[in-house]
file my_file-v3.cif (mmCIF, C-alpha atoms)
data_start
loop_
_atom_site.label_atom_id
_atom_site.label_comp_id
_atom_site.auth_asym_id
_atom_site.auth_seq_id
_atom_site.Cartn_x
_atom_site.Cartn_y
_atom_site.Cartn_z
CA MET A 2 -30.00 -23.37 -7.30
CA ASP A 3 -32.64 -20.80 -8.18
CA ILE A 4 -33.16 -17.19 -7.19
CA ASP A 5 -35.93 -14.60 -7.37
CA ALA A 6 -34.84 -12.65 -10.44
CA GLU A 7 -37.68 -10.12 -10.12
CA ARG A 8 -36.75 -9.37 -6.50
CA LEU A 9 -33.13 -8.83 -7.53
CA ARG A 10 -34.20 -6.51 -10.33
CA ALA A 11 -36.45 -4.55 -7.96
CA ASP A 12 -33.55 -4.08 -5.55
CA LEU A 13 -31.24 -2.85 -8.30
CA GLU A 14 -33.85 -0.51 -9.75
CA ALA A 15 -34.59 0.95 -6.32
CA SER A 16 -30.84 1.35 -5.71
CA GLY A 17 -30.51 3.08 -9.08
CA LYS A 18 -33.13 5.65 -8.11
CA ILE A 19 -30.99 6.82 -5.19
CA GLY A 20 -28.71 9.60 -6.40
CA GLU A 21 -30.21 9.37 -9.89
CA VAL A 22 -28.87 11.97 -12.31
CA ASP A 23 -30.25 13.41 -15.52
CA ALA A 24 -28.72 11.69 -18.53
CA SER A 25 -29.47 12.09 -22.22
CA GLU A 26 -28.92 8.34 -22.59
CA GLY A 27 -28.88 5.52 -20.09
CA TRP A 28 -29.41 5.56 -16.34
CA GLY A 29 -26.87 7.27 -14.12
CA ARG A 30 -26.39 7.86 -10.42
CA THR A 31 -24.06 9.79 -8.15
CA VAL A 32 -23.59 8.23 -4.73
CA LEU A 33 -20.47 9.70 -3.13
CA THR A 34 -19.28 8.46 0.23
CA GLY A 35 -20.70 10.54 3.09
CA SER A 36 -23.34 12.22 0.95
CA GLU A 37 -27.08 12.25 1.55
CA ALA A 38 -27.48 9.83 -1.36
CA ASN A 39 -24.96 7.54 0.31
CA ARG A 40 -26.98 7.65 3.54
CA GLN A 41 -30.12 6.72 1.64
CA ALA A 42 -28.35 3.87 -0.19
CA ARG A 43 -27.01 2.52 3.09
CA ASP A 44 -30.34 2.88 4.87
CA ARG A 45 -32.14 0.93 2.18
CA PHE A 46 -29.49 -1.79 2.18
CA VAL A 47 -29.71 -2.16 5.97
CA GLU A 48 -33.50 -2.36 5.75
CA ARG A 49 -33.21 -5.17 3.21
CA LEU A 50 -30.67 -7.00 5.36
CA GLU A 51 -32.93 -6.77 8.40
CA ALA A 52 -35.96 -7.86 6.38
CA ALA A 53 -34.02 -11.02 5.51
CA GLY A 54 -33.34 -11.67 9.18
CA LEU A 55 -29.63 -10.94 8.98
CA THR A 56 -27.64 -9.53 11.88
CA VAL A 57 -26.37 -6.10 10.82
CA GLY A 58 -22.98 -4.66 11.77
CA VAL A 59 -21.29 -1.35 10.94
CA ASP A 60 -17.60 -0.89 11.67
CA ALA A 61 -15.64 2.28 12.35
CA VAL A 62 -15.16 3.16 8.68
CA GLY A 63 -18.73 2.38 7.68
CA ASN A 64 -18.31 -1.10 6.24
CA VAL A 65 -21.78 -2.68 6.49
CA THR A 66 -22.36 -6.41 6.98
CA GLY A 67 -25.40 -8.63 7.34
CA THR A 68 -24.82 -12.16 8.64
CA TRP A 69 -27.07 -15.22 8.60
CA THR A 70 -26.21 -17.76 11.29
CA PRO A 71 -28.92 -20.43 11.36
CA PRO A 72 -28.92 -23.21 14.00
CA SER A 73 -27.06 -25.51 11.58
CA ALA A 74 -24.06 -23.16 11.40
CA ASP A 75 -21.10 -23.19 13.75
CA ARG A 76 -20.96 -19.65 15.15
CA GLU A 77 -17.21 -19.97 15.62
CA ALA A 78 -16.55 -21.03 12.03
CA GLY A 79 -15.32 -18.54 9.46
CA ALA A 80 -18.16 -17.13 7.38
CA VAL A 81 -18.51 -17.34 3.63
CA ALA A 82 -18.89 -13.70 2.60
CA ALA A 83 -19.98 -12.00 -0.60
CA GLY A 84 -20.59 -8.40 -1.64
CA SER A 85 -19.09 -5.29 -3.17
CA HIS A 86 -19.83 -1.56 -2.69
CA LEU A 87 -22.66 0.99 -2.89
CA ASP A 88 -20.71 4.20 -3.66
CA SER A 89 -20.29 5.38 -7.23
CA VAL A 90 -18.20 7.72 -9.32
CA PRO A 91 -19.88 11.03 -10.25
CA GLU A 92 -22.54 10.25 -12.87
CA GLY A 93 -21.74 6.55 -12.84
CA GLY A 94 -23.94 3.59 -13.73
CA ILE A 95 -26.43 1.65 -11.63
CA PHE A 96 -24.71 -1.76 -11.69
CA ASP A 97 -21.08 -1.09 -10.71
CA GLY A 98 -20.85 -2.24 -7.08
CA ALA A 99 -24.60 -2.40 -6.50
CA LEU A 100 -24.94 -5.63 -8.48
CA GLY A 101 -22.38 -7.32 -6.26
CA VAL A 102 -24.07 -6.16 -3.06
CA TYR A 103 -27.62 -7.10 -4.03
CA ALA A 104 -26.60 -10.32 -5.78
CA ALA A 105 -25.01 -11.41 -2.50
CA LEU A 106 -28.16 -10.53 -0.58
CA GLU A 107 -30.38 -12.31 -3.09
CA ALA A 108 -28.13 -15.39 -2.94
CA VAL A 109 -28.53 -15.59 0.84
CA ARG A 110 -32.28 -14.99 0.71
CA SER A 111 -32.68 -17.73 -1.89
CA LEU A 112 -30.60 -20.14 0.17
CA GLN A 113 -32.76 -19.38 3.19
CA GLU A 114 -35.94 -20.01 1.26
CA SER A 115 -34.64 -23.26 -0.22
CA GLY A 116 -34.28 -24.77 3.25
CA PHE A 117 -30.50 -24.98 2.97
CA GLU A 118 -28.66 -25.59 6.25
CA PRO A 119 -25.09 -24.25 6.04
CA VAL A 120 -22.38 -25.34 8.43
CA ARG A 121 -20.83 -21.87 8.23
CA PRO A 122 -22.43 -18.43 8.62
CA LEU A 123 -23.10 -16.46 5.44
CA THR A 124 -22.22 -12.75 5.33
CA VAL A 125 -23.26 -10.00 2.91
CA VAL A 126 -20.93 -6.98 2.85
CA SER A 127 -20.87 -3.48 1.40
CA PHE A 128 -17.42 -1.88 1.61
CA THR A 129 -17.00 1.87 2.08
CA GLU A 130 -15.48 4.11 -0.63
CA GLU A 131 -14.42 1.55 -3.21
CA GLU A 132 -14.35 4.11 -6.01
CA GLY A 133 -12.12 6.62 -4.23
CA SER A 134 -14.06 9.55 -5.64
CA THR A 135 -14.09 11.49 -2.38
CA PHE A 136 -11.71 10.32 0.34
CA SER A 137 -8.99 8.07 -1.07
CA GLY A 138 -7.44 6.44 -4.10
CA GLY A 139 -10.05 3.68 -3.85
CA LEU A 140 -10.70 0.38 -2.07
CA LEU A 141 -10.72 2.20 1.27
CA GLY A 142 -13.12 0.02 3.26
CA SER A 143 -11.53 -3.22 2.13
CA SER A 144 -8.05 -1.86 2.84
CA VAL A 145 -9.07 -1.34 6.48
CA ALA A 146 -10.86 -4.70 6.67
CA THR A 147 -7.69 -6.44 5.49
CA GLY A 148 -5.31 -4.55 7.79
CA GLN A 149 -3.55 -2.66 5.01
CA ARG A 150 -4.68 0.67 6.44
CA SER A 151 -5.65 1.57 10.00
CA ALA A 152 -9.15 2.76 10.76
CA GLU A 153 -7.63 5.86 12.38
CA ASP A 154 -5.74 6.81 9.22
CA ALA A 155 -8.80 6.21 7.06
CA LEU A 156 -11.09 8.30 9.29
CA ALA A 157 -8.62 11.21 9.14
CA LEU A 158 -8.70 11.37 5.33
CA SER A 159 -10.08 14.65 3.97
CA ASP A 160 -12.37 15.23 1.01
CA GLY A 161 -10.58 18.51 0.25
CA GLY A 162 -13.92 20.28 -0.04
CA ALA A 163 -14.85 17.75 -2.68
CA LEU A 164 -18.07 17.04 -4.50
CA SER A 165 -21.34 16.67 -2.60
CA ASP A 166 -24.60 15.08 -3.77
CA GLY A 167 -25.29 17.48 -6.60
CA GLY A 168 -21.70 17.90 -7.73
CA GLU A 169 -21.05 21.24 -6.03
CA CYS A 170 -18.14 21.78 -3.65
CA GLN A 171 -18.61 21.81 0.10
CA ASP A 172 -17.96 25.02 1.99
CA GLU A 173 -15.45 23.28 4.25
CA GLU A 174 -13.29 20.20 4.07
CA ARG A 175 -14.59 17.13 5.88
CA THR A 176 -12.83 14.07 7.14
CA LEU A 177 -14.21 10.63 6.44
CA GLY A 178 -14.96 10.35 10.15
CA ASP A 179 -17.01 13.53 10.12
CA ALA A 180 -18.88 12.51 6.97
CA LEU A 181 -19.77 9.07 8.31
CA GLU A 182 -20.83 10.58 11.64
CA ALA A 183 -23.12 13.02 9.81
CA ILE A 184 -24.95 10.25 7.94
CA GLY A 185 -25.07 7.87 10.90
CA TYR A 186 -22.61 5.26 9.66
CA ARG A 187 -19.53 5.71 11.82
CA GLY A 188 -19.71 2.45 13.69
CA GLU A 189 -17.33 0.72 16.07
CA GLY A 190 -14.50 -1.77 15.81
CA ARG A 191 -13.00 -3.11 12.62
CA LEU A 192 -14.42 -5.66 10.23
CA ASP A 193 -11.69 -8.31 9.90
CA ALA A 194 -11.86 -10.04 6.52
CA SER A 195 -9.19 -12.54 7.59
CA ASP A 196 -11.86 -14.13 9.80
CA TRP A 197 -13.83 -15.14 6.72
CA ASP A 198 -13.42 -18.61 5.28
CA ALA A 199 -13.92 -17.27 1.76
CA PHE A 200 -15.13 -14.19 -0.14
CA LEU A 201 -16.88 -13.91 -3.51
CA GLU A 202 -17.64 -10.77 -5.51
CA VAL A 203 -19.96 -10.40 -8.49
CA HIS A 204 -19.21 -7.40 -10.68
CA VAL A 205 -19.94 -6.08 -14.16
CA GLU A 206 -17.06 -6.85 -16.52
CA GLN A 207 -16.45 -3.25 -17.69
CA ASP A 208 -15.15 -4.64 -20.98
CA THR A 209 -16.57 -6.40 -24.05
CA VAL A 210 -14.99 -9.86 -23.88
CA LEU A 211 -18.08 -11.66 -22.56
CA GLU A 212 -20.44 -9.76 -24.83
CA SER A 213 -18.32 -10.33 -27.95
CA ARG A 214 -18.18 -14.07 -27.28
CA ASP A 215 -21.82 -14.33 -26.17
CA VAL A 216 -20.84 -15.87 -22.83
CA PRO A 217 -23.04 -15.03 -19.80
CA VAL A 218 -20.45 -15.23 -17.00
CA GLY A 219 -16.72 -14.77 -16.59
CA ILE A 220 -14.67 -16.42 -13.86
CA VAL A 221 -11.80 -14.14 -12.87
CA THR A 222 -8.36 -15.71 -12.71
CA ASP A 223 -6.37 -12.68 -11.56
CA ILE A 224 -6.90 -9.02 -10.72
CA THR A 225 -4.31 -6.78 -12.28
CA GLY A 226 -1.59 -5.06 -10.34
CA ILE A 227 -1.46 -1.27 -10.57
CA SER A 228 1.42 1.20 -10.45
CA HIS A 229 0.96 4.98 -10.56
CA SER A 230 3.93 7.27 -11.10
CA SER A 231 4.46 10.99 -11.47
CA VAL A 232 6.89 12.14 -14.16
CA ARG A 233 8.31 15.66 -14.42
CA ILE A 234 10.21 16.87 -17.47
CA ARG A 235 11.97 20.22 -17.20
CA GLY A 236 13.09 22.16 -20.25
CA GLU A 237 13.34 25.91 -20.78
CA ALA A 238 10.43 28.25 -21.34
CA ASN A 239 11.09 30.82 -24.05
CA HIS A 240 9.42 32.94 -26.69
CA ALA A 241 7.68 30.83 -29.32
CA GLY A 242 8.38 33.35 -32.07
CA THR A 243 11.95 34.42 -31.46
CA THR A 244 13.55 31.13 -30.37
CA ALA A 245 14.95 29.18 -33.29
CA MET A 246 13.92 25.53 -33.64
CA ASP A 247 17.48 24.30 -33.11
CA ASP A 248 17.88 26.45 -30.00
CA ARG A 249 15.00 25.03 -27.92
CA THR A 250 14.65 22.76 -24.90
CA ASP A 251 10.97 22.00 -25.30
CA ALA A 252 9.64 20.00 -22.35
CA PHE A 253 6.39 19.16 -24.10
CA ALA A 254 8.11 17.79 -27.21
CA ALA A 255 10.23 15.58 -24.94
CA ALA A 256 7.11 14.51 -23.03
CA SER A 257 5.43 13.56 -26.31
CA GLU A 258 8.31 11.26 -27.19
CA PHE A 259 8.12 9.69 -23.73
CA VAL A 260 4.40 9.00 -24.12
CA LEU A 261 4.87 7.32 -27.50
CA ARG A 262 7.82 5.23 -26.31
CA LEU A 263 5.87 4.05 -23.26
CA GLU A 264 2.88 3.20 -25.44
CA ALA A 265 5.10 1.11 -27.70
CA ALA A 266 6.63 -0.67 -24.70
CA GLY A 267 3.15 -1.47 -23.38
CA SER A 268 2.13 -2.89 -26.75
CA ARG A 269 5.24 -5.10 -26.86
CA ALA A 270 4.56 -6.39 -23.36
CA ALA A 271 0.93 -7.12 -24.23
CA GLU A 272 1.90 -9.02 -27.38
CA ALA A 273 4.54 -11.04 -25.53
CA GLY A 274 2.10 -12.03 -22.76
CA GLY A 275 -1.60 -12.73 -22.65
CA ASN A 276 -2.60 -9.25 -23.79
CA THR A 277 -2.98 -8.23 -20.15
CA ALA A 278 -0.29 -5.53 -19.89
CA VAL A 279 -1.26 -1.89 -20.36
CA ALA A 280 0.70 1.36 -20.07
CA THR A 281 -1.06 4.71 -20.03
CA VAL A 282 -0.19 8.36 -19.65
CA GLY A 283 -3.54 9.73 -18.56
CA LYS A 284 -2.60 13.08 -17.06
CA CYS A 285 -0.60 15.96 -18.50
CA THR A 286 0.05 19.47 -17.20
CA ALA A 287 2.25 21.78 -19.26
CA ARG A 288 3.66 25.05 -17.91
CA PRO A 289 3.30 27.91 -18.47
CA ASN A 290 0.57 26.58 -20.79
CA ALA A 291 0.48 29.54 -23.15
CA THR A 292 0.20 29.29 -26.92
CA ASN A 293 3.09 31.66 -27.57
CA VAL A 294 5.50 30.17 -24.99
CA ILE A 295 7.70 27.10 -25.43
CA PRO A 296 6.74 24.75 -22.57
CA GLY A 297 9.26 24.87 -19.75
CA SER A 298 7.99 21.94 -17.74
CA VAL A 299 5.51 19.09 -18.06
CA ASP A 300 4.02 16.84 -15.36
CA LEU A 301 2.68 13.45 -16.43
CA GLY A 302 0.63 10.80 -14.63
CA VAL A 303 1.62 7.25 -15.60
CA ASP A 304 -0.51 4.13 -15.04
CA VAL A 305 1.03 0.68 -15.61
CA ARG A 306 -0.90 -2.56 -15.05
CA ASP A 307 -0.54 -6.29 -15.55
CA VAL A 308 -1.40 -9.57 -13.86
CA ASP A 309 2.34 -10.29 -13.74
CA GLY A 310 4.19 -8.09 -11.27
CA GLU A 311 7.52 -8.71 -12.99
CA VAL A 312 6.17 -7.38 -16.29
CA MET A 313 4.99 -4.24 -14.49
CA ARG A 314 8.44 -3.72 -13.02
CA GLU A 315 10.06 -4.21 -16.43
CA LEU A 316 7.76 -1.58 -17.97
CA LEU A 317 8.56 0.88 -15.20
CA GLY A 318 12.26 0.20 -15.72
CA GLU A 319 11.83 0.97 -19.41
CA ALA A 320 10.06 4.21 -18.51
CA GLU A 321 13.06 5.25 -16.43
CA THR A 322 15.39 4.39 -19.32
CA PHE A 323 13.30 6.46 -21.76
CA LEU A 324 13.62 9.47 -19.47
CA GLU A 325 17.38 9.03 -19.16
CA ASP A 326 17.65 8.83 -22.95
CA LEU A 327 15.62 12.03 -23.37
CA GLU A 328 17.98 13.87 -21.05
CA GLY A 329 20.84 13.08 -23.38
CA GLU A 330 18.89 13.55 -26.61
CA ARG A 331 16.99 16.72 -25.76
CA GLY A 332 18.85 18.30 -22.85
CA VAL A 333 15.88 18.14 -20.47
CA GLU A 334 15.94 17.20 -16.80
CA THR A 335 13.61 14.45 -15.64
CA THR A 336 12.33 12.81 -12.48
CA ILE A 337 9.97 9.89 -11.89
CA GLU A 338 8.31 9.08 -8.56
CA ARG A 339 6.25 5.98 -7.87
CA HIS A 340 3.43 6.67 -5.41
CA LEU A 341 1.13 3.67 -5.80
CA GLU A 342 2.29 0.07 -5.99
CA VAL A 343 -0.37 -2.65 -5.84
CA GLU A 344 0.73 -6.19 -6.63
CA PRO A 345 -1.48 -8.40 -8.82
CA ALA A 346 -3.95 -10.57 -6.93
CA PRO A 347 -4.64 -14.11 -8.16
CA MET A 348 -8.00 -15.54 -7.19
CA SER A 349 -7.89 -18.70 -5.09
CA GLU A 350 -8.14 -22.06 -6.81
CA ARG A 351 -10.76 -23.15 -4.27
CA CYS A 352 -13.11 -20.26 -5.03
CA ARG A 353 -12.57 -20.53 -8.77
CA GLN A 354 -13.37 -24.24 -8.58
CA ALA A 355 -16.59 -23.54 -6.68
CA LEU A 356 -17.69 -21.08 -9.36
CA GLU A 357 -16.64 -23.38 -12.21
CA SER A 358 -18.47 -26.33 -10.64
CA GLU A 359 -21.66 -24.31 -10.46
CA THR A 360 -21.52 -23.14 -14.07
CA ALA A 361 -20.98 -26.76 -15.13
CA ALA A 362 -23.83 -28.02 -12.92
CA MET A 363 -26.18 -25.38 -14.33
CA ASP A 364 -24.99 -25.92 -17.91
CA ILE A 365 -23.95 -22.25 -18.16
CA ASP A 366 -21.13 -21.27 -20.49
CA SER A 367 -18.31 -19.46 -18.74
CA LEU A 368 -14.99 -17.93 -19.67
CA ASP A 369 -11.80 -17.51 -17.66
CA LEU A 370 -10.52 -13.95 -17.85
CA HIS A 371 -8.51 -11.44 -15.87
CA SER A 372 -9.67 -8.15 -14.41
CA GLY A 373 -7.97 -5.02 -15.68
CA ALA A 374 -9.69 -2.92 -13.00
CA ALA A 375 -9.18 -2.96 -9.25
CA HIS A 376 -11.86 -4.44 -6.99
CA ASP A 377 -12.31 -5.02 -3.26
CA ALA A 378 -11.65 -8.73 -3.88
CA MET A 379 -8.00 -7.96 -4.62
CA HIS A 380 -7.50 -6.71 -1.06
CA VAL A 381 -9.50 -9.57 0.45
CA ALA A 382 -7.44 -12.08 -1.54
CA ARG A 383 -4.39 -11.06 0.53
CA VAL A 384 -5.96 -12.43 3.73
CA THR A 385 -8.33 -15.27 2.73
CA ASP A 386 -9.59 -17.25 -0.25
CA ALA A 387 -11.32 -14.96 -2.74
CA GLY A 388 -13.04 -15.29 -6.09
CA MET A 389 -14.77 -13.05 -8.61
CA LEU A 390 -17.52 -13.52 -11.15
CA PHE A 391 -18.15 -11.11 -14.03
CA ALA A 392 -21.46 -10.38 -15.74
CA PRO A 393 -21.40 -8.94 -19.30
CA SER A 394 -21.27 -5.19 -19.86
CA ARG A 395 -23.18 -3.99 -22.91
CA GLY A 396 -20.68 -2.21 -25.15
CA GLY A 397 -18.11 -2.36 -22.36
CA TYR A 398 -19.47 0.87 -20.86
CA SER A 399 -18.90 1.54 -17.16
CA HIS A 400 -18.53 4.59 -14.90
CA SER A 401 -21.16 6.10 -17.16
CA PRO A 402 -24.96 6.25 -17.44
CA LEU A 403 -24.52 4.02 -20.51
CA GLU A 404 -23.39 1.17 -18.23
CA TRP A 405 -25.83 -1.70 -18.67
CA THR A 406 -26.03 -5.40 -17.84
CA ASP A 407 -29.15 -7.24 -18.98
CA TRP A 408 -31.44 -8.39 -16.17
CA GLU A 409 -31.15 -11.98 -17.32
CA ASP A 410 -27.36 -11.78 -17.05
CA CYS A 411 -27.66 -10.27 -13.55
CA ALA A 412 -29.85 -13.20 -12.55
CA THR A 413 -27.52 -15.78 -14.11
CA ALA A 414 -24.48 -14.45 -12.25
CA THR A 415 -26.49 -14.42 -9.02
CA ARG A 416 -27.54 -18.07 -9.50
CA VAL A 417 -23.91 -19.08 -9.91
CA LEU A 418 -22.96 -17.01 -6.86
CA ALA A 419 -25.68 -18.63 -4.74
CA GLY A 420 -24.58 -22.09 -5.79
CA ALA A 421 -20.93 -21.33 -5.02
CA MET A 422 -21.83 -19.90 -1.62
CA LYS A 423 -23.81 -23.05 -0.91
CA ARG A 424 -20.83 -25.23 -1.82
CA LEU A 425 -18.33 -23.24 0.22
CA SER A 426 -20.55 -22.93 3.30
CA SER A 427 -21.15 -26.68 3.31
CA GLU A 428 -17.45 -27.39 3.95
#

call {"tool": "encode", "arguments": {"input": "my_file-v3.cif", "output": "C-alpha cells"}}
result
Amino acid sequence: MDIDAERLRADLEASGKIGEVDASEGWGRTVLTGSEANRQARDRFVERLEAAGLTVGVDAVGNVTGTWTPPSADREAGAVAAGSHLDSVPEGGIFDGALGVYAALEAVRSLQESGFEPVRPLTVVSFTEEEGSTFSGGLLGSSVATGQRSAEDALALSDGGALSDGGECQDEERTLGDALEAIGYRGEGRLDASDWDAFLEVHVEQDTVLESRDVPVGIVTDITGISHSSVRIRGEANHAGTTAMDDRTDAFAAASEFVLRLEAAGSRAAEAGGNTAVATVGKCTARPNATNVIPGSVDLGVDVRDVDGEVMRELLGEAETFLEDLEGERGVETTIERHLEVEPAPMSERCRQALESETAAMDIDSLDLHSGAAHDAMHVARVTDAGMLFAPSRGGYSHSPLEWTDWEDCATATRVLAGAMKRLSSE
C-alpha cells in the first residue's frame, strides 16, 4: 500500500497555517472550537473531502464526516472509519489531531487511486472539541457520537467568556450551539459511532518511547483511564510572626505531605505494574495566599491514571487514607470529591491485528505501547472495534509549538493506516 506523502505534507502544512501563532521556536497554532480559525480549518477540510468525492455530513455538534461508498460497497454495511480532531489547545502544535484527520483522508484517497474495491464504505471523521480548551473537559464530539452525552447537553455548554482566536476573552459567554451556528457548523442529527464496523486513529505519541528506540510506529494496546478529584484541606489561618511553630494548623504544610505521599504511592504502583500508573497533583490554591499569613485552607487538583482500573481505584483509596491520617497527625479537616471517572479503554484485538499485519507486510518495525493521554478512540472503543497507531514525537513535545513529527514518520503511519483500512473494509 502506498500513499502520496507530498500531498499529505501539503495538507498538514496548510492546516498548520490556519491559526498560526508567533513562536520563538517551532510551529504553533491556536484553533479553538467555534473560533474563526476553527471555521477556516473546517472549511478547508470539507473542501478536501469534497475534492476526493466523499459525501460530507455535519451533525448537530459539528462532527464532520466524509464517506466513500463506491459501487463495490454495501451501503447498509457498517463503515470502516478513521480520523481524529482539528481543534487545538492555545499555542499548540500542528500535528496533534490534524495528523489523524489528514492521514485518514490520504489513506482513502490512496485507496481510491489504487483501484481498490471495498465491500464496506470508508469514512473520514473530525470530532468536535477533543481538547476541551473551550467548552468541555475534552472528547466532546466523540462523547456525543458514542451516546455518552446528549447533543442537547453538549450544545448548552458555555465557554464562560473564554479565549477567542487571538487569546483575548469574549465580551459575552457563548454556548457551543451559538458558536457552531456562528461559524456555520451546527448541523443536524447525531453521528452514531456504533454504526461503524471499526475505527482507527493515527496520533502523535506525545512521549519519547518510539524516538528513544528508533521505532517508526507504535500500536496502542490500551488507553489509560483517568480520574480527577478535588481535595480541600482546612487548617487555621494565623499570623506568621506571632504564632509559635508548635501552635499551628498549617493547611499548606499538610497539603505538602499529601502531595509527597501520593507521589510515592504512584511510584510504587508504577514499579509494581508495567510503569503505566501515574499520580499527579497539578493544581494548588492556598488561602489567604499571603506571605505573612499561615495558610488556612488549600485546594488541590488530583489526576490519577492507569490502564488498569483497579490500580486507579487502589491509588484513590490510598489518597483518602493519607487525608484521614493527616487529620489525626496535623489536626486539619479534609474532603475529597471525585468529579471525573473514565475507565481504561483497551483497543480491540481485531484492529490491533490489522495494524500489526500491515507493519509486518511492509517490513516496518513497530512497538506495542499504551497511551497515557486520552483520545477520541477511547470513547469509540466503548461502542465498536477501535485501534490506534502512534507516530514518533521528537523530544516528546506536544501541546506546544515544539511538537514535531518527521514527514517520513507521518507518511509511514499513514501507509500502515491505509493498509489496515483496506484489510478491515474487505471483510

call {"tool": "residues_around", "arguments": {"input": "my_file-v3.cif", "residues": "segment 256-266 of chain A", "least_positions_apart": "4", "cutoff": "9 Å", "atoms": "all atoms listed in the file", "output": "PyMOL selection string"}}
result
chain A and resi 233-234+251-252+270-271+279-282+299-301+316+319-320+323-324+327

call {"tool": "write_last_selection", "arguments": {"input": "my_file-v3.cif", "atoms": "C-alpha atoms", "output": "JSON list (two decimals), in the coordinates of the input"}}
result
[["chain", "number", "residue", "atom", "x", "y", "z"],
["A", 233, "ARG", "CA", 8.31, 15.66, -14.42],
["A", 234, "ILE", "CA", 10.21, 16.87, -17.47],
["A", 251, "ASP", "CA", 10.97, 22.00, -25.30],
["A", 252, "ALA", "CA", 9.64, 20.00, -22.35],
["A", 270, "ALA", "CA", 4.56, -6.39, -23.36],
["A", 271, "ALA", "CA", 0.93, -7.12, -24.23],
["A", 279, "VAL", "CA", -1.26, -1.89, -20.36],
["A", 280, "ALA", "CA", 0.70, 1.36, -20.07],
["A", 281, "THR", "CA", -1.06, 4.71, -20.03],
["A", 282, "VAL", "CA", -0.19, 8.36, -19.65],
["A", 299, "VAL", "CA", 5.51, 19.09, -18.06],
["A", 300, "ASP", "CA", 4.02, 16.84, -15.36],
["A", 301, "LEU", "CA", 2.68, 13.45, -16.43],
["A", 316, "LEU", "CA", 7.76, -1.58, -17.97],
["A", 319, "GLU", "CA", 11.83, 0.97, -19.41],
["A", 320, "ALA", "CA", 10.06, 4.21, -18.51],
["A", 323, "PHE", "CA", 13.30, 6.46, -21.76],
["A", 324, "LEU", "CA", 13.62, 9.47, -19.47],
["A", 327, "LEU", "CA", 15.62, 12.03, -23.37]]

call {"tool": "closest_residue", "arguments": {"input": "my_file-v3.cif", "among": "A:Val308, A:Ala419, A:Ala278, A:Ala80", "to": "Glu114 of chain A", "atoms": "all atoms listed in the file"}}
result
A:Ala419

call {"tool": "axis_aligned_box", "arguments": {"input": "my_file-v3.cif", "around": "segment 306-325 of chain A", "padding_each_side": "8 Å", "output": "AutoDock Vina command-line options"}}
result
--center_x 8.0 --center_y -0.4 --center_z -16.5 --size_x 34.8 --size_y 35.8 --size_z 26.5

call {"tool": "resolve_selection", "arguments": {"input": "my_file-v3.cif", "expression": "the PyMOL selection byres ((chain A and resi 401) around 7)", "output": "JSON, numbers by chain"}}
result
{"A": [29, 92, 93, 94, 398, 399, 400, 402, 403, 404]}

call {"tool": "residues_around", "arguments": {"input": "my_file-v3.cif", "residues": "Leu368 of chain A", "least_positions_apart": "2", "cutoff": "10 Å", "atoms": "all atoms listed in the file", "output": "list of chain:residue names"}}
result
A:Val210, A:Leu211, A:Arg214, A:Val216, A:Pro217, A:Val218, A:Gly219, A:Ile220, A:Val221, A:Thr222, A:Glu357, A:Asp366, A:Leu370, A:His371, A:Leu390, A:Phe391

call {"tool": "write_last_selection", "arguments": {"input": "my_file-v3.cif", "atoms": "C-alpha atoms", "output": "tab-separated table (two decimals), in the coordinates of the input"}}
result
chain	number	residue	atom	x	y	z
A	210	VAL	CA	-14.99	-9.86	-23.88
A	211	LEU	CA	-18.08	-11.66	-22.56
A	214	ARG	CA	-18.18	-14.07	-27.28
A	216	VAL	CA	-20.84	-15.87	-22.83
A	217	PRO	CA	-23.04	-15.03	-19.80
A	218	VAL	CA	-20.45	-15.23	-17.00
A	219	GLY	CA	-16.72	-14.77	-16.59
A	220	ILE	CA	-14.67	-16.42	-13.86
A	221	VAL	CA	-11.80	-14.14	-12.87
A	222	THR	CA	-8.36	-15.71	-12.71
A	357	GLU	CA	-16.64	-23.38	-12.21
A	366	ASP	CA	-21.13	-21.27	-20.49
A	370	LEU	CA	-10.52	-13.95	-17.85
A	371	HIS	CA	-8.51	-11.44	-15.87
A	390	LEU	CA	-17.52	-13.52	-11.15
A	391	PHE	CA	-18.15	-11.11	-14.03

call {"tool": "atom_distance", "arguments": {"input": "my_file-v3.cif", "atom1": "atom CA of Ala346 of chain A", "atom2": "atom CA of Leu317 of chain A"}}
result
18.9 Å

call {"tool": "build_atoms", "arguments": {"input": "my_file-v3.cif", "residues": "segment 34-39 of chain A", "atoms": "N, CA, C and O atoms", "output": "CSV table (one decimal), keeping the file's coordinate frame"}}
result
chain,number,residue,atom,x,y,z
A,34,THR,N,-19.4,8.8,-1.2
A,34,THR,CA,-19.3,8.5,0.2
A,34,THR,C,-19.5,9.7,1.2
A,34,THR,O,-18.9,10.7,1.0
A,35,GLY,N,-20.4,9.5,2.1
A,35,GLY,CA,-20.7,10.5,3.1
A,35,GLY,C,-21.8,11.5,2.7
A,35,GLY,O,-22.1,12.4,3.4
A,36,SER,N,-22.3,11.3,1.5
A,36,SER,CA,-23.3,12.2,1.0
A,36,SER,C,-24.7,11.8,1.4
A,36,SER,O,-24.9,10.7,2.0
A,37,GLU,N,-25.7,12.6,1.2
A,37,GLU,CA,-27.1,12.2,1.6
A,37,GLU,C,-27.5,11.0,0.7
A,37,GLU,O,-28.2,10.1,1.2
A,38,ALA,N,-27.1,11.0,-0.5
A,38,ALA,CA,-27.5,9.8,-1.4
A,38,ALA,C,-26.8,8.6,-0.8
A,38,ALA,O,-27.5,7.5,-0.8
A,39,ASN,N,-25.6,8.7,-0.3
A,39,ASN,CA,-25.0,7.5,0.3
A,39,ASN,C,-25.7,7.1,1.6
A,39,ASN,O,-25.8,5.9,1.8
